[in-house]
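upload-v9.csv (CSV, C-alpha atoms)
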```
chain,number,residue,atom,x,y,z
A,117,MET,CA,83.5,107.4,84.0
A,118,ARG,CA,86.1,105.0,82.6
A,119,LEU,CA,87.6,104.0,86.0
A,120,GLU,CA,84.2,103.9,87.8
A,121,LYS,CA,83.6,100.6,86.1
A,122,LEU,CA,86.8,99.2,87.7
A,123,GLU,CA,86.0,100.7,91.0
A,124,LYS,CA,82.6,99.0,91.0
A,125,ASP,CA,84.2,95.7,90.1
A,126,ILE,CA,86.8,95.7,92.8
A,127,GLY,CA,84.4,97.0,95.4
A,128,HIS,CA,86.0,100.3,96.3
A,129,SER,CA,85.2,103.8,95.2
A,130,PHE,CA,88.3,106.0,95.5
A,131,GLN,CA,88.2,109.3,97.3
A,132,ASN,CA,91.4,110.2,95.4
A,133,LYS,CA,90.8,109.0,91.8
A,134,GLU,CA,94.4,109.9,90.9
A,135,LEU,CA,95.7,107.1,93.1
A,136,LEU,CA,93.8,104.5,91.1
A,137,LYS,CA,95.0,105.9,87.9
A,138,GLN,CA,98.6,105.9,89.2
A,139,ALA,CA,98.3,102.3,90.1
A,140,LEU,CA,97.5,101.4,86.5
A,141,ILE,CA,100.3,103.3,84.8
A,142,HIS,CA,102.9,100.8,83.4
A,143,LYS,CA,106.5,102.1,83.1
A,144,SER,CA,106.3,102.0,79.3
A,145,TYR,CA,103.5,104.6,79.4
A,146,ALA,CA,105.2,106.6,82.1
A,147,TYR,CA,108.4,106.8,80.0
A,148,GLU,CA,106.6,108.0,76.9
A,149,ASN,CA,104.6,110.6,78.9
A,150,HIS,CA,107.4,111.7,81.3
A,151,ILE,CA,105.3,110.8,84.4
A,152,GLU,CA,105.7,108.4,87.3
A,153,SER,CA,104.8,104.7,86.9
A,154,ASN,CA,103.1,102.3,89.3
A,155,GLU,CA,106.3,100.7,90.4
A,156,LYS,CA,106.6,102.3,93.8
A,157,LEU,CA,102.9,101.5,94.6
A,158,GLU,CA,103.7,97.9,93.4
A,159,PHE,CA,106.6,97.7,95.8
A,160,LEU,CA,104.4,98.7,98.8
A,161,GLY,CA,101.5,96.5,97.6
A,162,ASP,CA,103.7,93.5,97.5
A,163,SER,CA,104.5,93.9,101.2
A,164,ILE,CA,100.9,94.6,102.2
A,165,LEU,CA,99.8,91.5,100.3
A,166,GLU,CA,102.4,89.3,102.0
A,167,PHE,CA,101.4,90.6,105.4
A,168,ILE,CA,97.7,90.3,105.0
A,169,SER,CA,97.9,86.8,103.4
A,170,SER,CA,100.2,85.7,106.2
A,171,LYS,CA,97.7,87.1,108.8
A,172,TYR,CA,94.8,85.4,107.0
A,173,LEU,CA,96.5,82.0,107.0
A,174,TYR,CA,97.6,82.3,110.6
A,175,THR,CA,94.1,83.2,111.7
A,176,HIS,CA,92.0,80.8,109.5
A,177,PHE,CA,94.3,77.8,109.3
A,178,PRO,CA,95.6,77.2,112.8
A,179,LYS,CA,96.5,73.5,112.1
A,180,LEU,CA,99.0,74.4,109.3
A,181,THR,CA,102.7,74.4,110.3
A,182,GLU,CA,105.0,77.3,109.6
A,183,GLY,CA,106.4,75.5,106.5
A,184,GLU,CA,102.9,74.7,105.2
A,185,MET,CA,101.8,78.3,105.7
A,186,THR,CA,104.8,79.4,103.7
A,187,LYS,CA,104.0,77.0,100.9
A,188,VAL,CA,100.3,78.1,100.8
A,189,ARG,CA,101.3,81.8,100.8
A,190,ALA,CA,103.7,81.2,97.9
A,191,ASP,CA,100.9,79.5,96.0
A,192,ILE,CA,98.4,82.3,96.4
A,193,VAL,CA,100.5,85.4,96.0
A,194,CYS,CA,102.4,84.2,92.9
A,195,GLU,CA,102.2,85.8,89.5
A,196,GLU,CA,99.7,83.2,88.2
A,197,SER,CA,97.4,83.8,91.1
A,198,LEU,CA,97.6,87.6,90.9
A,199,TYR,CA,97.1,87.4,87.1
A,200,ALA,CA,93.9,85.5,87.7
A,201,ILE,CA,92.6,88.4,90.0
A,202,ALA,CA,93.5,91.0,87.3
A,203,LYS,CA,91.8,88.9,84.7
A,204,LYS,CA,88.7,88.5,86.8
A,205,HIS,CA,88.4,92.3,87.2
A,206,ASN,CA,89.4,93.1,83.6
A,207,PHE,CA,92.4,95.1,84.6
A,208,SER,CA,93.7,94.9,81.0
A,209,ASP,CA,90.9,97.3,79.9
A,210,PHE,CA,92.2,100.0,82.2
A,211,LEU,CA,95.9,99.7,82.2
A,212,TYR,CA,98.0,102.5,80.7
A,213,VAL,CA,100.8,101.0,78.6
A,214,GLY,CA,103.1,102.5,76.0
A,215,LYS,CA,102.4,102.3,72.3
A,216,SER,CA,104.7,99.3,71.6
A,217,GLU,CA,103.3,97.4,74.6
A,218,ARG,CA,99.7,98.2,73.4
A,219,ASN,CA,100.5,97.0,69.9
A,220,SER,CA,101.8,93.7,71.3
A,221,HIS,CA,98.9,93.4,73.8
A,222,GLY,CA,101.2,94.2,76.7
A,223,ASN,CA,98.2,95.3,78.7
A,224,MET,CA,97.2,91.6,78.7
A,225,ARG,CA,100.6,90.2,79.6
A,226,PRO,CA,100.4,88.2,82.9
A,227,ALA,CA,103.4,89.8,84.6
A,228,ILE,CA,102.1,93.4,83.9
A,229,MET,CA,98.6,92.5,85.0
A,230,ALA,CA,99.9,90.7,88.1
A,231,ASP,CA,102.1,93.7,89.1
A,232,SER,CA,99.1,96.1,88.7
A,233,VAL,CA,97.1,94.1,91.3
A,234,GLU,CA,99.9,94.8,93.9
A,235,ALA,CA,99.9,98.5,92.9
A,236,VAL,CA,96.1,98.7,93.3
A,237,ILE,CA,96.3,97.1,96.7
A,238,ALA,CA,98.7,99.9,97.8
A,239,ALA,CA,96.4,102.5,96.2
A,240,ILE,CA,93.5,101.2,98.2
A,241,TYR,CA,95.6,101.3,101.4
A,242,PHE,CA,96.6,105.0,100.8
A,243,ASP,CA,93.0,105.9,99.9
A,244,ALA,CA,91.1,104.1,102.7
A,245,GLY,CA,93.5,102.3,105.0
A,246,LEU,CA,94.7,98.8,105.7
A,247,GLU,CA,91.3,97.4,106.7
A,248,VAL,CA,89.8,98.2,103.3
A,249,ALA,CA,92.9,96.9,101.5
A,250,GLU,CA,92.6,93.7,103.6
A,251,LYS,CA,88.9,93.3,102.5
A,252,PHE,CA,89.9,93.4,98.8
A,253,ILE,CA,92.8,90.9,99.3
A,254,VAL,CA,90.7,88.4,101.3
A,255,ALA,CA,87.8,88.6,98.9
A,256,ASN,CA,90.1,87.7,96.1
A,257,LEU,CA,92.4,85.1,97.7
A,258,GLU,CA,90.0,83.4,100.1
A,259,GLY,CA,89.0,80.7,97.6
A,260,PRO,CA,92.6,80.0,96.4
A,261,ALA,CA,93.8,79.9,100.0
A,262,LYS,CA,91.3,77.3,101.0
A,263,GLN,CA,92.1,75.2,98.0
A,264,ALA,CA,95.9,75.5,98.5
A,265,ALA,CA,95.6,74.7,102.2
A,266,LYS,CA,93.5,71.7,101.5
A,267,HIS,CA,96.2,70.1,99.3
A,268,VAL,CA,99.3,71.5,101.0
A,269,GLY,CA,100.2,68.1,102.7
A,270,GLU,CA,99.9,66.2,99.5
A,271,LYS,CA,102.9,65.4,97.3
A,272,ASP,CA,102.7,66.8,93.8
A,273,TYR,CA,102.7,64.5,90.8
A,274,LYS,CA,106.3,65.3,89.9
A,275,THR,CA,107.5,64.3,93.3
A,276,VAL,CA,105.5,61.1,93.4
A,277,LEU,CA,106.7,60.2,89.9
A,278,GLN,CA,110.3,60.8,90.9
A,279,GLU,CA,110.0,58.7,94.0
A,280,LYS,CA,108.4,55.9,92.1
A,281,LEU,CA,111.0,55.8,89.3
A,282,GLN,CA,113.9,56.0,91.6
A,283,LYS,CA,112.9,53.4,94.1
A,284,ASN,CA,115.2,50.9,92.5
A,285,GLY,CA,118.1,53.3,92.0
A,286,GLU,CA,119.0,56.6,90.4
A,287,VAL,CA,117.4,57.5,87.1
A,288,GLN,CA,117.5,60.6,84.9
A,289,ILE,CA,114.1,62.3,84.8
A,290,SER,CA,113.8,65.3,82.6
A,291,TYR,CA,111.0,67.7,81.5
A,292,CYS,CA,111.0,69.7,78.3
A,293,ILE,CA,108.5,72.2,76.7
A,294,LEU,CA,107.6,70.9,73.3
A,295,LYS,CA,105.7,73.9,72.2
A,296,GLU,CA,104.0,77.2,73.2
A,297,GLU,CA,100.8,78.3,71.5
A,298,GLY,CA,98.6,81.4,71.6
A,299,PRO,CA,99.2,85.1,72.4
A,300,ASP,CA,101.4,86.2,75.4
A,301,HIS,CA,98.3,86.8,77.5
A,302,ASP,CA,96.8,83.4,76.9
A,303,LYS,CA,99.4,80.8,76.2
A,304,THR,CA,99.0,77.0,76.2
A,305,PHE,CA,102.1,74.9,76.9
A,306,THR,CA,102.8,71.3,75.9
A,307,ALA,CA,105.4,69.5,78.1
A,308,GLN,CA,107.0,66.0,77.9
A,309,VAL,CA,108.5,64.0,80.7
A,310,SER,CA,111.2,61.4,80.0
A,311,CYS,CA,113.2,58.9,82.0
A,312,ASN,CA,116.7,58.0,80.9
A,313,ASP,CA,115.8,59.6,77.5
A,314,LYS,CA,112.7,57.4,77.1
A,315,LYS,CA,109.5,59.4,76.6
A,316,LEU,CA,106.9,58.7,79.3
A,317,ALA,CA,104.0,61.1,78.7
A,318,VAL,CA,102.9,64.5,77.4
A,319,GLY,CA,100.9,67.1,79.3
A,320,ILE,CA,99.1,70.4,78.4
A,321,GLY,CA,98.6,73.4,80.6
A,322,LYS,CA,98.2,77.2,80.8
A,323,SER,CA,101.6,77.5,82.4
A,324,LYS,CA,104.9,75.5,82.0
A,325,LYS,CA,104.5,74.2,85.6
A,326,ALA,CA,100.9,73.0,84.9
A,327,ALA,CA,101.9,71.3,81.7
A,328,GLU,CA,104.8,69.5,83.4
A,329,MET,CA,102.5,68.5,86.3
A,330,GLN,CA,99.9,67.0,83.9
A,331,ALA,CA,102.7,65.1,82.0
A,332,ALA,CA,103.8,63.6,85.4
A,333,GLN,CA,100.3,62.7,86.3
A,334,LYS,CA,99.8,60.9,82.9
A,335,ALA,CA,103.1,59.1,83.3
A,336,LEU,CA,102.0,57.8,86.7
A,337,GLU,CA,98.7,56.6,85.2
A,338,ASN,CA,100.7,54.8,82.4
A,339,ILE,CA,103.0,53.1,84.9
A,340,LYS,CA,100.1,51.8,87.0
```
Could you express the structure from this file as structure tokens?
Amino acid sequence: MRLEKLEKDIGHSFQNKELLKQALIHKSYAYENHIESNEKLEFLGDSILEFISSKYLYTHFPKLTEGEMTKVRADIVCEESLYAIAKKHNFSDFLYVGKSERNSHGNMRPAIMADSVEAVIAAIYFDAGLEVAEKFIVANLEGPAKQAAKHVGEKDYKTVLQEKLQKNGEVQISYCILKEEGPDHDKTFTAQVSCNDKKLAVGIGKSKKAAEMQAAQKALENIK
């Protein structure tokens, strides 16, 4: 009954329930119980995910160049993106992690949750074939892919800031993380951007990259 809720949420009822369970076994739990972890499934799921996302981008975004498709694919199959999928489907409620990981909320750790998505993709593939695995992948990455493709030609704030500050010669632009707040599974980062050791702006985000990007955006607004 426990895994039926997850099956319903991801839109696939497994013929082989053990496959789904296997996909959710973290190495810490496997080590404690002398069983196999989800790492081999994760390895295969990573390849399936890359292939299906590449196929989707090739088919649905014919105007993108090879370089742009590579960039969009990197954006949608990264840890942050996969973690969002795991969070959406409440994977943390179903992950098997060891006692120490459980005590430190390891079942909610982004890296562990992201890896489990790749393992589940492989499990779906073995249980029902590539077409069904593709259906799950597209259903979860279609929105992020459209968003990433829409902005792929735009320069990010860090690049624009660098170009603006260096138009009259070389300057030293640096970013530093001032603080991290919150538990491992839900951190908030504060970043500062400086130019020649002069503070320009501070940004906040759910990842270091996002915090730095907001800092650069604010710095650009201040310069204007």
### Task
For atom CA of Asp243 of chain A and atom CA of Ile168 of chain A, determine how far apart the two atoms are, in Å to one decimal place.
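Separation of atom CA of Asp243 of chain A and atom CA of Ile168 of chain A: 17.1 Å.
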Excluding segment 314-330 of chain A and any residue of its chain fewer than 5 positions from it, enumerate the residues within 6 Å of it, using only C-alpha atoms, and give them as a tab-separated table (two decimals) with C-alpha atoms, in the frame of the given file.
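Written output follows (part14.tsv):
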```
chain	number	residue	atom	x	y	z
A	303	LYS	CA	99.40	80.80	76.20
A	304	THR	CA	99.00	77.00	76.20
A	305	PHE	CA	102.10	74.90	76.90
A	306	THR	CA	102.80	71.30	75.90
A	307	ALA	CA	105.40	69.50	78.10
A	308	GLN	CA	107.00	66.00	77.90
A	309	VAL	CA	108.50	64.00	80.70
A	335	ALA	CA	103.10	59.10	83.30
```
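Interatomic distance, atom CA of Ser153 of chain A against atom CA of Leu136 of chain A: 11.8 Å.
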### Task
Using atom CA of Arg225 of chain A and atom CA of Ala238 of chain A as the two end points, give the distance in Å to one decimal.
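Between atom CA of Arg225 of chain A and atom CA of Ala238 of chain A the gap is 20.7 Å.
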### Query
Hey, which of A:Ser170, A:Asn338, A:Ala332, A:Ile164 ends up closest to Glu184 of chain A? Count only C-alpha atoms.
A:Ser170
### Task
Write out as number ranges by chain each polymer residue whose atoms come within 10 Å of Phe207 of chain A, counting all atoms listed in the file; drop sequence neighbours fewer than 6 positions from it.
A: 122, 125-126, 140, 199, 201, 223-224, 228-230, 232-233
Write out as a CSV table (one decimal) with C-alpha atoms, in the frame of the given file the residues lying within 7 Å of Val188 of chain A, counting all atoms listed in the file and excluding same-chain residues fewer than 5 positions away.
```
chain,number,residue,atom,x,y,z
A,261,ALA,CA,93.8,79.9,100.0
A,264,ALA,CA,95.9,75.5,98.5
A,265,ALA,CA,95.6,74.7,102.2
A,268,VAL,CA,99.3,71.5,101.0
```
### Task
Name the residues, using the chain letters and numbers of the file, that sit within 12 Å of (92.1, 90.2, 100.0) when counting only C-alpha atoms, and give them as a count of residues only.
40
### Residues near Asn149 of chain A, cut-off 12 Å, all atoms listed in the file, skip fewer than 4 positions along chain, as a PyMOL selection string
chain A and resi 141-145+153+212-215
### Task
Excluding Gln131 of chain A and any residue of its chain fewer than 2 positions from it, enumerate the residues within 12 Å of it, using all atoms listed in the file, and give them as a ChimeraX atom specification.
/A:120,123,128-129,133-136,239-245
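Proximity of A:Ile339, A:Arg118, A:Tyr147, A:Gln138 to Glu217 of chain A, computed with all atoms listed in the file, is greatest for A:Tyr147.
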Would you kindly place N, CA and C atoms on segment 186-222 of chain A and return the model as a short mmCIF file (atom, residue, chain, number, x, y, z; two decimals), keeping the file's coordinate frame?
```
data_model
loop_
_atom_site.label_atom_id
_atom_site.label_comp_id
_atom_site.auth_asym_id
_atom_site.auth_seq_id
_atom_site.Cartn_x
_atom_site.Cartn_y
_atom_site.Cartn_z
N THR A 186 103.93 78.81 104.68
CA THR A 186 104.80 79.40 103.70
C THR A 186 104.53 78.93 102.30
N LYS A 187 104.29 77.64 102.19
CA LYS A 187 104.00 77.00 100.90
C LYS A 187 102.66 77.54 100.33
N VAL A 188 101.63 77.59 101.19
CA VAL A 188 100.30 78.10 100.80
C VAL A 188 100.41 79.54 100.34
N ARG A 189 101.12 80.33 101.14
CA ARG A 189 101.30 81.80 100.80
C ARG A 189 101.96 81.92 99.44
N ALA A 190 102.98 81.11 99.19
CA ALA A 190 103.70 81.20 97.90
C ALA A 190 102.75 80.84 96.75
N ASP A 191 101.84 79.91 96.99
CA ASP A 191 100.90 79.50 96.00
C ASP A 191 99.86 80.58 95.64
N ILE A 192 99.45 81.34 96.67
CA ILE A 192 98.40 82.30 96.40
C ILE A 192 98.80 83.72 96.12
N VAL A 193 100.09 84.02 96.32
CA VAL A 193 100.50 85.40 96.00
C VAL A 193 101.53 85.35 94.79
N CYS A 194 101.56 84.27 94.05
CA CYS A 194 102.40 84.20 92.90
C CYS A 194 101.85 84.92 91.70
N GLU A 195 102.64 85.08 90.65
CA GLU A 195 102.20 85.80 89.50
C GLU A 195 100.92 85.20 88.86
N GLU A 196 100.88 83.88 88.83
CA GLU A 196 99.70 83.20 88.20
C GLU A 196 98.43 83.53 88.99
N SER A 197 98.51 83.55 90.30
CA SER A 197 97.40 83.80 91.10
C SER A 197 96.91 85.30 90.99
N LEU A 198 97.89 86.22 90.99
CA LEU A 198 97.60 87.60 90.90
C LEU A 198 97.05 87.96 89.46
N TYR A 199 97.58 87.27 88.48
CA TYR A 199 97.10 87.40 87.10
C TYR A 199 95.62 87.03 87.01
N ALA A 200 95.25 85.97 87.72
CA ALA A 200 93.90 85.50 87.70
C ALA A 200 92.93 86.59 88.32
N ILE A 201 93.42 87.28 89.35
CA ILE A 201 92.60 88.40 90.00
C ILE A 201 92.46 89.50 88.95
N ALA A 202 93.57 89.88 88.30
CA ALA A 202 93.50 91.00 87.30
C ALA A 202 92.59 90.63 86.17
N LYS A 203 92.62 89.37 85.76
CA LYS A 203 91.80 88.90 84.70
C LYS A 203 90.30 88.93 85.06
N LYS A 204 90.04 88.51 86.29
CA LYS A 204 88.70 88.50 86.80
C LYS A 204 88.06 89.88 86.84
N HIS A 205 88.87 90.88 87.15
CA HIS A 205 88.40 92.30 87.20
C HIS A 205 88.66 93.08 85.98
N ASN A 206 89.11 92.40 84.91
CA ASN A 206 89.40 93.10 83.60
C ASN A 206 90.33 94.24 83.71
N PHE A 207 91.41 94.06 84.46
CA PHE A 207 92.40 95.10 84.60
C PHE A 207 92.96 95.56 83.23
N SER A 208 93.06 94.61 82.31
CA SER A 208 93.70 94.90 81.00
C SER A 208 92.94 96.06 80.28
N ASP A 209 91.65 96.23 80.56
CA ASP A 209 90.90 97.30 79.90
C ASP A 209 91.24 98.67 80.43
N PHE A 210 91.90 98.72 81.58
CA PHE A 210 92.20 100.00 82.20
C PHE A 210 93.63 100.36 82.37
N LEU A 211 94.51 99.43 82.03
CA LEU A 211 95.90 99.70 82.20
C LEU A 211 96.45 100.70 81.14
N TYR A 212 97.33 101.57 81.59
CA TYR A 212 98.00 102.50 80.70
C TYR A 212 99.35 101.97 80.34
N VAL A 213 99.49 101.55 79.09
CA VAL A 213 100.80 101.00 78.60
C VAL A 213 101.24 101.80 77.41
N GLY A 214 102.53 101.76 77.15
CA GLY A 214 103.10 102.50 76.00
C GLY A 214 102.61 101.93 74.67
N LYS A 215 102.90 102.66 73.62
CA LYS A 215 102.40 102.30 72.30
C LYS A 215 102.90 100.91 71.83
N SER A 216 104.18 100.64 72.05
CA SER A 216 104.70 99.30 71.60
C SER A 216 104.09 98.20 72.41
N GLU A 217 103.91 98.43 73.74
CA GLU A 217 103.30 97.40 74.60
C GLU A 217 101.82 97.23 74.14
N ARG A 218 101.14 98.31 73.85
CA ARG A 218 99.70 98.20 73.40
C ARG A 218 99.63 97.44 72.12
N ASN A 219 100.55 97.70 71.19
CA ASN A 219 100.50 97.00 69.90
C ASN A 219 100.78 95.51 70.02
N SER A 220 101.52 95.13 71.08
CA SER A 220 101.80 93.70 71.30
C SER A 220 100.96 93.12 72.42
N HIS A 221 99.85 93.83 72.71
CA HIS A 221 98.90 93.40 73.80
C HIS A 221 99.58 93.26 75.12
N GLY A 222 100.51 94.19 75.39
CA GLY A 222 101.20 94.20 76.70
C GLY A 222 100.27 94.38 77.86
#
```
